[in-house]
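Participant: See query_17.cif below, with mmCIF, C-alpha atoms.
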```cif
data_model
loop_
_atom_site.label_atom_id
_atom_site.label_comp_id
_atom_site.auth_asym_id
_atom_site.auth_seq_id
_atom_site.Cartn_x
_atom_site.Cartn_y
_atom_site.Cartn_z
CA MET A 1 11.70 5.51 -15.21
CA LYS A 2 10.56 2.36 -13.45
CA LEU A 3 8.70 2.39 -10.19
CA THR A 4 9.40 0.18 -7.24
CA THR A 5 7.41 -0.17 -4.06
CA THR A 6 8.00 -1.54 -0.60
CA THR A 7 4.68 -3.37 -0.76
CA ALA A 8 4.51 -7.11 -1.28
CA ALA A 9 4.69 -8.42 -4.84
CA LEU A 10 1.49 -9.47 -6.57
CA ALA A 11 2.85 -12.91 -7.29
CA LEU A 12 3.44 -13.60 -3.61
CA LEU A 13 0.03 -12.34 -2.62
CA ALA A 14 -1.59 -14.35 -5.34
CA VAL A 15 -0.43 -17.70 -4.02
CA SER A 16 -0.36 -16.93 -0.32
CA ALA A 17 -4.03 -17.41 0.29
CA PRO A 18 -5.20 -19.81 -0.86
CA ALA A 19 -2.17 -21.77 -2.06
CA ALA A 20 -2.60 -23.75 -5.25
CA ALA A 21 -4.99 -26.71 -4.98
CA GLN A 22 -6.06 -26.04 -1.42
CA TYR A 23 -9.71 -26.60 -2.11
CA GLY A 24 -9.44 -30.01 -3.74
CA PRO A 25 -7.06 -32.82 -4.66
CA GLN A 26 -3.77 -31.83 -6.22
CA PRO A 27 -2.91 -33.40 -9.59
CA GLY A 28 -1.21 -36.77 -9.15
CA GLN A 29 -2.50 -37.29 -5.60
CA PRO A 30 -5.21 -39.72 -4.47
CA GLN A 31 -8.67 -38.25 -4.62
CA THR A 32 -9.12 -38.74 -0.89
CA ALA A 33 -5.86 -37.06 0.15
CA VAL A 34 -7.26 -33.55 0.46
CA GLU A 35 -10.86 -33.95 -0.55
CA PRO A 36 -12.85 -31.63 1.71
CA ALA A 37 -15.67 -33.03 3.73
CA PRO A 38 -19.07 -31.68 2.72
CA GLY A 39 -19.64 -28.24 4.26
CA ASN A 40 -16.08 -28.13 5.60
CA ALA A 41 -13.87 -27.06 2.68
CA THR A 42 -11.12 -25.09 4.43
CA ALA A 43 -7.66 -23.67 3.76
CA LYS A 44 -5.35 -21.24 5.47
CA THR A 45 -3.62 -18.10 4.35
CA THR A 46 0.09 -17.77 5.01
CA GLU A 47 -0.90 -15.54 7.94
CA GLY A 48 -2.84 -18.43 9.45
CA LYS A 49 -6.28 -17.08 8.69
CA LYS A 50 -8.70 -19.87 7.89
CA ILE A 51 -10.77 -19.87 4.73
CA LYS A 52 -13.98 -21.87 4.84
CA LEU A 53 -16.05 -22.26 1.71
CA SER A 54 -19.82 -22.36 1.93
CA LYS A 55 -21.57 -25.56 0.93
CA ASP A 56 -23.20 -23.86 -2.07
CA ALA A 57 -19.87 -22.60 -3.47
CA GLN A 58 -17.58 -25.59 -2.84
CA LYS A 59 -18.05 -27.41 -6.12
CA ALA A 60 -17.89 -24.30 -8.31
CA VAL A 61 -14.74 -23.03 -6.58
CA ILE A 62 -13.01 -26.41 -6.88
CA ASP A 63 -13.98 -26.58 -10.57
CA LEU A 64 -12.50 -23.12 -11.05
CA GLN A 65 -9.36 -24.13 -9.19
CA LYS A 66 -8.88 -27.14 -11.41
CA ALA A 67 -9.20 -24.99 -14.53
CA VAL A 68 -6.71 -22.44 -13.17
CA ASN A 69 -4.20 -25.13 -12.17
CA ALA A 70 -4.51 -26.73 -15.60
CA ASN A 71 -4.20 -23.32 -17.25
CA ASP A 72 -7.43 -24.01 -19.10
CA THR A 73 -7.79 -20.43 -20.25
CA ALA A 74 -10.77 -21.17 -22.49
CA SER A 75 -12.97 -22.33 -19.62
CA ILE A 76 -11.77 -20.04 -16.85
CA PRO A 77 -14.11 -17.08 -17.58
CA ALA A 78 -17.21 -19.29 -17.49
CA LYS A 79 -16.09 -21.05 -14.35
CA VAL A 80 -15.39 -17.68 -12.67
CA ALA A 81 -18.91 -16.56 -13.53
CA ALA A 82 -20.37 -19.82 -12.26
CA ALA A 83 -18.49 -19.57 -8.99
CA GLN A 84 -19.45 -15.94 -8.49
CA ALA A 85 -23.10 -16.83 -9.04
CA VAL A 86 -23.12 -19.18 -6.06
CA ALA A 87 -20.71 -17.31 -3.78
CA ARG A 88 -22.37 -16.58 -0.47
CA THR A 89 -19.69 -15.58 2.00
CA ALA A 90 -16.63 -13.37 2.21
CA ASP A 91 -14.51 -16.54 2.15
CA ASP A 92 -16.15 -17.68 -1.08
CA LYS A 93 -15.63 -14.35 -2.80
CA TYR A 94 -12.05 -14.09 -1.59
CA ALA A 95 -11.17 -17.59 -2.81
CA ILE A 96 -12.64 -16.86 -6.23
CA GLY A 97 -10.75 -13.57 -6.45
CA GLN A 98 -7.47 -15.26 -5.55
CA LEU A 99 -7.96 -17.88 -8.23
CA GLN A 100 -8.80 -15.14 -10.72
CA LEU A 101 -5.59 -13.38 -9.73
CA LYS A 102 -3.51 -16.51 -10.15
CA ALA A 103 -4.94 -17.03 -13.64
CA ALA A 104 -4.40 -13.38 -14.57
CA LEU A 105 -0.78 -13.49 -13.42
CA ALA A 106 -0.14 -16.62 -15.46
CA ALA A 107 -1.68 -14.99 -18.52
CA LYS A 108 0.03 -11.64 -17.82
CA ASP A 109 -3.40 -10.04 -18.29
CA ASN A 110 -3.40 -6.73 -16.44
CA VAL A 111 -7.09 -6.07 -17.03
CA ALA A 112 -8.01 -9.44 -15.55
CA MET A 113 -5.58 -8.78 -12.72
CA ALA A 114 -7.37 -5.53 -11.90
CA ALA A 115 -10.75 -7.31 -11.88
CA ALA A 116 -9.36 -10.01 -9.58
CA ILE A 117 -8.00 -7.47 -7.11
CA ASP A 118 -11.32 -5.63 -7.12
CA ALA A 119 -12.97 -8.94 -6.23
CA ILE A 120 -10.50 -9.62 -3.42
CA ALA A 121 -10.76 -6.10 -2.00
CA SER A 122 -14.57 -6.11 -2.09
CA SER A 123 -14.87 -9.60 -0.61
CA GLY A 124 -14.61 -8.30 2.93
CA PHE A 125 -12.24 -11.12 3.83
CA VAL A 126 -8.87 -9.37 3.76
CA GLU A 127 -7.69 -6.47 5.86
CA ALA A 128 -7.59 -3.01 4.30
CA ALA A 129 -3.78 -2.99 4.37
CA THR A 130 -3.66 -6.12 2.19
CA SER A 131 -6.07 -4.64 -0.35
CA SER A 132 -4.01 -1.46 -0.45
CA LYS A 133 -0.82 -3.42 -1.10
CA LEU A 134 -2.49 -5.33 -3.92
CA TYR A 135 -3.61 -2.11 -5.61
CA ALA A 136 -0.16 -0.55 -5.13
CA SER A 137 1.52 -3.53 -6.76
CA LEU A 138 -1.05 -3.47 -9.56
CA GLY A 139 -0.37 0.23 -10.11
CA THR A 140 3.36 -0.42 -10.27
CA THR A 141 2.78 -3.11 -12.89
CA PHE A 142 0.63 -0.78 -14.97
CA TYR A 143 3.11 2.10 -14.59
CA ASN A 144 6.12 0.06 -15.65
CA GLU A 145 4.20 -1.01 -18.75
CA LYS A 146 3.46 2.68 -19.47
CA GLN A 147 -0.26 2.28 -18.80
CA TYR A 148 -0.31 5.44 -16.76
CA ALA A 149 -4.05 6.09 -16.51
CA GLN A 150 -4.64 2.58 -15.16
CA ALA A 151 -1.67 3.01 -12.82
CA GLY A 152 -3.11 6.24 -11.48
CA ALA A 153 -6.50 4.59 -10.89
CA ALA A 154 -4.88 1.73 -8.98
CA PHE A 155 -2.74 4.05 -6.84
CA GLN A 156 -5.82 6.18 -6.15
CA LYS A 157 -7.68 3.13 -4.86
CA ALA A 158 -4.69 2.13 -2.74
CA SER A 159 -4.44 5.59 -1.17
CA THR A 160 -8.19 5.76 -0.55
CA ILE A 161 -8.00 2.48 1.38
CA ASP A 162 -4.83 3.46 3.27
CA PRO A 163 -4.93 7.29 3.36
CA ASN A 164 -2.04 7.66 5.81
CA ASN A 165 0.51 5.81 3.67
CA SER A 166 2.80 8.48 2.21
CA GLU A 167 4.42 6.09 -0.28
CA LEU A 168 1.10 5.64 -2.05
CA TYR A 169 0.82 9.38 -2.68
CA THR A 170 4.35 9.46 -4.06
CA LEU A 171 3.42 6.67 -6.49
CA LEU A 172 0.18 8.46 -7.36
CA GLY A 173 2.16 11.63 -8.02
CA GLU A 174 4.43 9.85 -10.49
CA ALA A 175 1.45 8.34 -12.30
CA LYS A 176 -0.28 11.73 -12.53
CA PHE A 177 2.91 13.34 -13.80
CA ALA A 178 3.33 10.66 -16.46
CA GLN A 179 -0.20 11.48 -17.66
CA GLY A 180 0.71 15.16 -17.95
CA GLN A 181 -1.46 16.07 -14.95
CA LYS A 182 1.27 18.08 -13.28
CA ALA A 183 -0.86 20.09 -10.86
CA ASP A 184 -2.50 16.91 -9.56
CA ALA A 185 0.93 15.30 -9.30
CA ALA A 186 2.21 18.21 -7.23
CA THR A 187 -0.79 17.92 -4.91
CA ALA A 188 -0.10 14.20 -4.43
CA PHE A 189 3.58 14.81 -3.67
CA GLN A 190 2.63 17.54 -1.23
CA ARG A 191 0.26 15.14 0.53
CA ALA A 192 3.07 12.57 0.82
CA ILE A 193 5.26 15.22 2.45
CA GLN A 194 2.49 16.26 4.85
CA LEU A 195 1.91 12.67 5.91
CA GLN A 196 5.60 12.10 6.57
CA ARG A 197 5.77 15.23 8.70
CA ALA A 198 2.62 14.22 10.58
CA ALA A 199 4.28 10.88 11.35
CA GLY A 200 7.31 12.66 12.80
CA MET A 201 9.49 11.89 9.80
CA LYS A 202 11.69 14.30 7.89
CA PRO A 203 10.79 14.01 4.19
CA GLU A 204 13.68 12.93 2.00
CA GLU A 205 15.27 15.76 0.05
CA LYS A 206 14.71 13.96 -3.26
CA LEU A 207 10.95 13.90 -2.56
CA LEU A 208 10.92 17.60 -1.72
CA LYS A 209 12.93 18.48 -4.82
CA ARG A 210 10.69 16.31 -6.99
CA ALA A 211 7.60 17.98 -5.56
CA VAL A 212 9.06 21.46 -6.09
CA SER A 213 10.11 20.67 -9.66
CA VAL A 214 6.73 19.24 -10.67
CA ALA A 215 4.76 22.01 -8.98
CA TYR A 216 6.90 24.66 -10.64
CA GLU A 217 6.45 23.04 -14.06
CA ALA A 218 2.71 23.10 -13.44
CA ARG A 219 2.93 26.75 -12.33
CA SER A 220 1.01 25.60 -9.27
CA PRO A 221 0.88 28.01 -6.31
CA VAL A 222 1.97 25.15 -4.04
CA ALA A 223 5.41 25.38 -5.67
CA MET A 224 6.22 28.43 -3.54
CA GLU A 225 5.26 26.71 -0.30
CA LEU A 226 7.08 23.51 -1.26
CA ALA A 227 10.18 25.48 -2.23
CA ARG A 228 10.23 27.17 1.16
CA GLU A 229 9.84 23.77 2.85
CA TRP A 230 12.80 22.44 0.87
CA ALA A 231 15.06 25.32 1.95
CA ALA A 232 13.87 25.00 5.55
CA ALA A 233 14.46 21.25 5.72
CA TYR A 234 17.71 21.12 3.74
CA PRO A 235 19.34 24.55 3.98
CA SER A 236 22.17 25.19 1.53
CA ALA A 237 23.17 27.96 -0.83
CA ASP A 238 21.60 25.94 -3.65
CA SER A 239 18.26 25.22 -1.96
CA TRP A 240 17.87 28.81 -0.78
CA ARG A 241 18.84 30.25 -4.17
CA ASN A 242 16.43 28.03 -6.09
CA SER A 243 13.60 28.37 -3.60
CA ILE A 244 13.74 32.14 -3.59
CA ALA A 245 14.11 32.22 -7.38
CA ILE A 246 10.96 30.10 -7.72
CA TYR A 247 9.07 32.48 -5.46
CA ARG A 248 10.28 35.54 -7.36
CA ASN A 249 9.45 34.00 -10.73
CA MET A 250 5.93 33.07 -9.64
CA ALA A 251 4.95 35.88 -7.26
CA HIS A 252 6.69 38.76 -9.08
CA PRO A 253 7.33 40.81 -5.93
CA ASP A 254 7.81 44.57 -6.22
CA VAL A 255 11.20 46.25 -5.73
CA GLU A 256 10.68 46.36 -1.96
CA GLY A 257 9.94 42.65 -1.78
CA THR A 258 12.75 41.77 -4.17
CA LEU A 259 15.24 43.67 -2.04
CA ASP A 260 14.10 41.87 1.09
CA LEU A 261 14.52 38.51 -0.62
CA LEU A 262 17.95 39.44 -1.97
CA ARG A 263 18.99 40.46 1.54
CA LEU A 264 18.06 36.96 2.65
CA MET A 265 19.89 35.36 -0.28
CA GLN A 266 23.03 37.25 0.69
CA LEU A 267 22.79 35.78 4.19
CA THR A 268 22.37 32.25 2.84
CA GLY A 269 25.26 32.57 0.39
CA GLY A 270 23.07 32.24 -2.65
CA LEU A 271 23.73 35.44 -4.63
CA THR A 272 24.99 35.04 -8.18
CA ALA A 273 26.77 37.80 -10.08
CA GLY A 274 23.50 38.87 -11.68
CA GLU A 275 21.77 39.05 -8.34
CA TYR A 276 24.58 41.12 -6.83
CA ALA A 277 24.01 43.58 -9.68
CA LEU A 278 20.23 43.56 -9.18
CA PHE A 279 20.66 44.03 -5.42
CA ALA A 280 23.01 47.00 -5.79
CA GLU A 281 20.85 48.67 -8.43
CA ALA A 282 17.63 48.23 -6.44
CA ALA A 283 19.23 49.62 -3.29
CA ALA A 284 20.62 52.56 -5.26
CA ASP A 285 17.16 53.24 -6.72
CA GLN A 286 15.97 53.81 -3.15
CA SER A 287 19.00 56.10 -2.62
CA ASN A 288 20.39 53.58 -0.16
CA PHE A 289 23.91 54.03 -1.49
CA ASN A 290 25.48 52.71 1.69
CA GLU A 291 23.88 49.30 1.23
CA ALA A 292 24.50 49.31 -2.53
CA GLN A 293 28.20 49.90 -1.93
CA ALA A 294 28.31 47.27 0.81
CA VAL A 295 26.73 44.71 -1.54
CA ILE A 296 29.27 45.39 -4.29
CA ASP A 297 32.14 45.21 -1.80
CA ALA A 298 30.83 41.88 -0.50
CA GLY A 299 30.54 40.51 -4.04
CA ILE A 300 34.11 41.51 -4.81
CA ALA A 301 35.34 39.94 -1.57
CA ALA A 302 33.50 36.73 -2.46
CA LYS A 303 35.14 36.81 -5.92
CA VAL A 304 31.73 36.68 -7.56
CA VAL A 305 31.77 40.30 -8.73
CA ASP A 306 34.45 41.51 -11.14
CA PRO A 307 34.47 45.33 -10.81
CA ALA A 308 36.32 45.68 -14.09
CA SER A 309 33.70 43.75 -16.10
CA ALA A 310 31.27 45.58 -18.34
CA ARG A 311 28.45 44.41 -16.10
CA PHE A 312 29.75 46.05 -12.94
CA ARG A 313 31.97 48.86 -14.19
CA ASP A 314 29.08 51.31 -14.52
CA ILE A 315 27.63 50.32 -11.14
CA VAL A 316 30.98 50.78 -9.39
CA ASN A 317 31.68 54.11 -11.08
CA GLY A 318 28.14 55.33 -10.43
CA LEU A 319 28.40 54.61 -6.73
CA LYS A 320 31.67 56.54 -6.43
CA GLY A 321 29.84 59.81 -6.93
CA LYS A 322 26.91 59.09 -4.66
CA PRO A 323 26.72 60.46 -1.10
CA LYS A 324 27.00 57.88 1.65
CA ALA A 325 25.03 58.68 4.79
CA THR A 326 26.74 58.79 8.16
CA ALA A 327 25.21 57.88 11.50
CA ALA A 328 25.08 61.60 12.33
CA ASP A 329 23.21 62.32 9.09
CA LEU A 330 20.64 59.64 9.85
CA GLU A 331 20.16 60.76 13.45
CA ALA A 332 19.53 64.33 12.33
CA ALA A 333 17.10 63.19 9.62
CA ALA A 334 15.14 61.07 12.11
CA LYS A 335 14.62 64.12 14.39
CA MET A 336 12.98 66.08 11.58
CA SER A 337 9.66 64.15 11.93
CA PRO A 338 9.81 62.70 8.43
CA SER A 339 6.94 60.86 6.75
CA PRO A 340 6.47 57.17 7.56
CA LEU A 341 8.09 56.20 4.25
CA ASN A 342 11.11 58.46 4.76
CA LEU A 343 11.46 57.18 8.32
CA LEU A 344 11.38 53.62 6.96
CA ARG A 345 14.19 54.51 4.53
CA ILE A 346 16.26 55.91 7.41
CA GLY A 347 15.88 52.55 9.12
CA ASP A 348 16.93 50.83 5.89
CA ARG A 349 20.10 52.91 5.78
CA TYR A 350 21.00 51.91 9.31
CA TYR A 351 20.34 48.32 8.25
CA GLY A 352 22.60 48.72 5.22
CA MET A 353 25.33 50.11 7.46
CA GLY A 354 25.07 47.05 9.73
CA ASP A 355 23.67 48.98 12.72
CA TYR A 356 20.78 46.58 13.26
CA ALA A 357 19.88 47.73 16.77
CA LYS A 358 19.45 51.33 15.59
CA ALA A 359 17.56 50.14 12.51
CA ALA A 360 15.15 48.24 14.77
CA ASP A 361 14.54 51.37 16.85
CA ILE A 362 13.63 53.33 13.74
CA TYR A 363 11.32 50.58 12.43
CA ARG A 364 9.48 50.60 15.77
CA LYS A 365 8.95 54.35 15.32
CA VAL A 366 7.53 53.66 11.88
CA LEU A 367 5.03 51.23 13.40
CA GLY A 368 3.88 53.95 15.78
CA THR A 369 3.35 56.49 13.00
CA ALA A 370 -0.06 57.03 11.40
CA GLY A 371 -0.29 55.97 7.77
CA ALA A 372 2.69 53.60 7.93
CA ASP A 373 2.77 50.36 5.94
CA LYS A 374 2.87 48.11 8.98
CA ASP A 375 3.53 44.95 6.97
CA VAL A 376 6.72 46.36 5.48
CA ALA A 377 7.72 47.89 8.82
CA ASN A 378 7.22 44.61 10.69
CA LEU A 379 9.10 42.69 8.00
CA HIS A 380 12.07 45.06 8.21
CA LEU A 381 11.91 45.06 12.00
CA GLY A 382 12.08 41.27 11.95
CA MET A 383 15.06 41.37 9.58
CA ALA A 384 16.94 43.82 11.79
CA LEU A 385 16.20 41.85 14.96
CA ALA A 386 17.22 38.61 13.27
CA ARG A 387 20.56 40.15 12.30
CA ALA A 388 20.94 41.50 15.84
CA GLY A 389 20.37 38.02 17.33
CA ASP A 390 16.97 38.70 18.93
CA LYS A 391 15.19 35.52 17.83
CA ALA A 392 12.07 36.01 19.94
CA GLY A 393 11.58 39.61 18.84
CA ALA A 394 12.24 38.75 15.19
CA THR A 395 9.80 35.84 15.32
CA ALA A 396 7.04 38.06 16.70
CA ALA A 397 7.69 40.72 14.05
CA PHE A 398 7.67 38.25 11.17
CA LYS A 399 4.45 36.64 12.40
CA ALA A 400 2.80 40.07 12.45
CA VAL A 401 3.41 40.53 8.72
CA GLY A 402 0.34 40.10 6.55
CA ALA A 403 -0.94 40.55 3.02
CA ALA A 404 1.54 40.22 0.15
CA ARG A 405 4.56 40.46 2.48
CA ALA A 406 3.54 37.42 4.53
CA ASP A 407 5.21 34.89 2.22
CA ILE A 408 8.48 36.83 2.29
CA ALA A 409 8.28 36.91 6.08
CA LYS A 410 7.87 33.12 6.06
CA PHE A 411 11.14 32.76 4.14
CA TRP A 412 12.89 34.92 6.73
CA LEU A 413 11.23 33.01 9.56
CA ALA A 414 12.52 29.72 8.10
CA TYR A 415 16.04 31.19 8.03
CA LEU A 416 15.66 32.51 11.55
CA GLN A 417 14.72 29.08 12.88
CA GLN A 418 17.88 27.64 11.36
CA HIS A 419 20.48 30.26 12.21
CA ALA A 420 19.51 32.91 14.74
#
```
Just dump the structure as structure tokens.
Facilitator:
Amino acid sequence: MKLTTTTAALALLAVSAPAAAQYGPQPGQPQTAVEPAPGNATAKTTEGKKIKLSKDAQKAVIDLQKAVNANDTASIPAKVAAAQAVARTADDKYAIGQLQLKAALAAKDNVAMAAAIDAIASSGFVEAATSSKLYASLGTTFYNEKQYAQAGAAFQKASTIDPNNSELYTLLGEAKFAQGQKADAATAFQRAIQLQRAAGMKPEEKLLKRAVSVAYEARSPVAMELAREWAAAYPSADSWRNSIAIYRNMAHPDVEGTLDLLRLMQLTGGLTAGEYALFAEAAADQSNFNEAQAVIDAGIAAKVVDPASARFRDIVNGLKGKPKATAADLEAAAKMSPSPLNLLRIGDRYYGMGDYAKAADIYRKVLGTAGADKDVANLHLGMALARAGDKAGATAAFKAVGAARADIAKFWLAYLQQHA
């Protein structure tokens, strides 16, 4: 792929300040036409900024300019060295750097171009934004010529000078990726996204997807966070499915966590046939046959599950012989002072039956019971309240979830902010 950048082109910057032959007579013109007065050799940038050469550097800079204009490549290096030896001011150093850059562009010499830009940036004459643009354009040139290490170095310099420019981190990310440094690339993309958010901008979906893809290839932990950001910013069945799949593949949640993620995927329309099967089997393993049956029925209604297929025939037949709890059964079981885990499962059955208010009541009882797993209980309480339409209560419950369940709660919280 080729990179492009919104920064100014090197060629334009190279001739903007100083323009060709500003420090002495142009070829074919009378010697006196533009000959600078001693101690007063001046020129202007296209932005109107005056350049004034020191008395000591005038002759050497004009000699260098003549060699550059004549394309006298054999003498240019020596004349650059001579000019640098007598340079005294920021103006002197900048003028020399610009002439170096003009010569490097004419010769299509990227190494010389890099040296010229270093000279311009270190001169102290130009603003930081100009130096950053020069390095960004240099990096783009290197990248498009497949010199990825040099491109990365140039983009790194540009981003160091202008650390709040998100585009520079995107370019740096591409250069790092091209070098096979995928984790570093993911970090750069993530920084670009953070800067855009800090500036009040919504990151483009293609940037988020690129960041997620690269981070996942690198098996970087940031892939999970980036995936969640993608689903939160651009919710769709596809973004939710892929984001949750990335989390599951990297975090390897237990059956409890997997079920809670599949419950979210069902809400976002992301379940595939295989995930309907996994959902039903996991619910059945917890003896939550009500929810397992409801999942299969939903898959059939969505025309994703074929009950006659080999994949689902055994699941469907197995559920036919399993007892389905009634509200009366669950109410009686809750009065028997069950253990925190059994009480949690009673709440899960209410949840699977769609009685979210009653499920929330049971989960609150779990939280008040000694020895309860409060992270799971708060997560399930948040899920039930979210389904019941209590956004404030659900938000508080999800934010109370810690440890390994916290990331799952963040997925649910992202959904809640979009839909509840």
Participant: Please identify all polymer residues within 8 Å of Gln150 in chain A, counting all atoms listed in the file, omitting same-chain residues fewer than 5 positions from it, and present them as a ChimeraX atom specification.
Facilitator: /A:139,142-143
Participant: Find, counting all atoms listed in the file, the residue in A:Ser213, A:Gly318, A:Asp91, A:Ile76 that gets nearest to Ala57 in chain A.
Facilitator: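 Residue with the minimum atom-to-atom distance to Ala57 in chain A: A:Asp91.
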Participant: Which distance in Å separates CA of Arg364 in chain A and CA of Ser339 in chain A, to one decimal?
Facilitator: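 One can read the CA of Arg364 in chain A to CA of Ser339 in chain A distance as 13.9 Å.
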Participant: What's around Ala223 in chain A at 9 Å? Count all atoms listed in the file, leave out sequence neighbours fewer than 5 positions away in its own chain, and write the answer as a list of chain:residue names.
Facilitator: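 The residues satisfying every condition are A:Ala186, A:Ala211, A:Val212, A:Ser213, A:Val214, A:Ala215, A:Tyr216, A:Glu217, A:Ala218, A:Arg228, A:Ser243, A:Ile246, A:Tyr247, A:Met250.
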Participant: To test your reading of the syntax: which residues would the PyMOL selection byres ((chain A and resi 387) around 10) return for the file shown? Reply as a VMD selection string.
Facilitator: chain A and resid 267 351 354 to 357 381 to 386 388 to 391 394 416 419 to 420
Participant: How would you write, as a PyMOL selection string, the residues chosen by the PyMOL selection byres ((chain A and resi 410) around 10) on this structure?
Facilitator: chain A and resi 225+228+379+395+398-399+401+405-409+411-416
Participant: For range 126-137 of chain A, supply N, CA, C and O atoms and format the output as a PDB file, in the frame of the given file.
Facilitator:
```pdb
ATOM      1  N   VAL A 126     -10.225  -9.820   3.441  1.00  0.00           N
ATOM      2  CA  VAL A 126      -8.870  -9.370   3.760  1.00  0.00           C
ATOM      3  C   VAL A 126      -8.896  -8.029   4.478  1.00  0.00           C
ATOM      4  O   VAL A 126      -9.851  -7.261   4.376  1.00  0.00           O
ATOM      5  N   GLU A 127      -7.835  -7.752   5.187  1.00  0.00           N
ATOM      6  CA  GLU A 127      -7.690  -6.470   5.860  1.00  0.00           C
ATOM      7  C   GLU A 127      -7.450  -5.373   4.831  1.00  0.00           C
ATOM      8  O   GLU A 127      -6.956  -5.626   3.726  1.00  0.00           O
ATOM      9  N   ALA A 128      -7.759  -4.150   5.205  1.00  0.00           N
ATOM     10  CA  ALA A 128      -7.590  -3.010   4.300  1.00  0.00           C
ATOM     11  C   ALA A 128      -6.140  -2.886   3.832  1.00  0.00           C
ATOM     12  O   ALA A 128      -5.878  -2.575   2.669  1.00  0.00           O
ATOM     13  N   ALA A 129      -5.190  -3.128   4.730  1.00  0.00           N
ATOM     14  CA  ALA A 129      -3.780  -2.990   4.370  1.00  0.00           C
ATOM     15  C   ALA A 129      -3.397  -3.939   3.247  1.00  0.00           C
ATOM     16  O   ALA A 129      -2.613  -3.595   2.355  1.00  0.00           O
ATOM     17  N   THR A 130      -3.959  -5.156   3.253  1.00  0.00           N
ATOM     18  CA  THR A 130      -3.660  -6.120   2.190  1.00  0.00           C
ATOM     19  C   THR A 130      -4.231  -5.654   0.865  1.00  0.00           C
ATOM     20  O   THR A 130      -3.568  -5.732  -0.179  1.00  0.00           O
ATOM     21  N   SER A 131      -5.463  -5.163   0.891  1.00  0.00           N
ATOM     22  CA  SER A 131      -6.070  -4.640  -0.350  1.00  0.00           C
ATOM     23  C   SER A 131      -5.246  -3.489  -0.901  1.00  0.00           C
ATOM     24  O   SER A 131      -5.009  -3.392  -2.121  1.00  0.00           O
ATOM     25  N   SER A 132      -4.804  -2.610  -0.024  1.00  0.00           N
ATOM     26  CA  SER A 132      -4.010  -1.460  -0.450  1.00  0.00           C
ATOM     27  C   SER A 132      -2.713  -1.913  -1.113  1.00  0.00           C
ATOM     28  O   SER A 132      -2.298  -1.377  -2.146  1.00  0.00           O
ATOM     29  N   LYS A 133      -2.064  -2.908  -0.518  1.00  0.00           N
ATOM     30  CA  LYS A 133      -0.820  -3.420  -1.100  1.00  0.00           C
ATOM     31  C   LYS A 133      -1.052  -4.024  -2.472  1.00  0.00           C
ATOM     32  O   LYS A 133      -0.231  -3.864  -3.385  1.00  0.00           O
ATOM     33  N   LEU A 134      -2.163  -4.742  -2.622  1.00  0.00           N
ATOM     34  CA  LEU A 134      -2.490  -5.330  -3.920  1.00  0.00           C
ATOM     35  C   LEU A 134      -2.660  -4.244  -4.982  1.00  0.00           C
ATOM     36  O   LEU A 134      -2.120  -4.338  -6.090  1.00  0.00           O
ATOM     37  N   TYR A 135      -3.399  -3.199  -4.644  1.00  0.00           N
ATOM     38  CA  TYR A 135      -3.610  -2.110  -5.610  1.00  0.00           C
ATOM     39  C   TYR A 135      -2.303  -1.373  -5.914  1.00  0.00           C
ATOM     40  O   TYR A 135      -2.074  -0.955  -7.052  1.00  0.00           O
ATOM     41  N   ALA A 136      -1.444  -1.215  -4.894  1.00  0.00           N
ATOM     42  CA  ALA A 136      -0.160  -0.550  -5.130  1.00  0.00           C
ATOM     43  C   ALA A 136       0.704  -1.365  -6.072  1.00  0.00           C
ATOM     44  O   ALA A 136       1.350  -0.824  -6.982  1.00  0.00           O
ATOM     45  N   SER A 137       0.736  -2.674  -5.872  1.00  0.00           N
ATOM     46  CA  SER A 137       1.520  -3.530  -6.760  1.00  0.00           C
ATOM     47  C   SER A 137       0.941  -3.540  -8.167  1.00  0.00           C
ATOM     48  O   SER A 137       1.672  -3.530  -9.160  1.00  0.00           O
TER      49      SER A 137
END
```
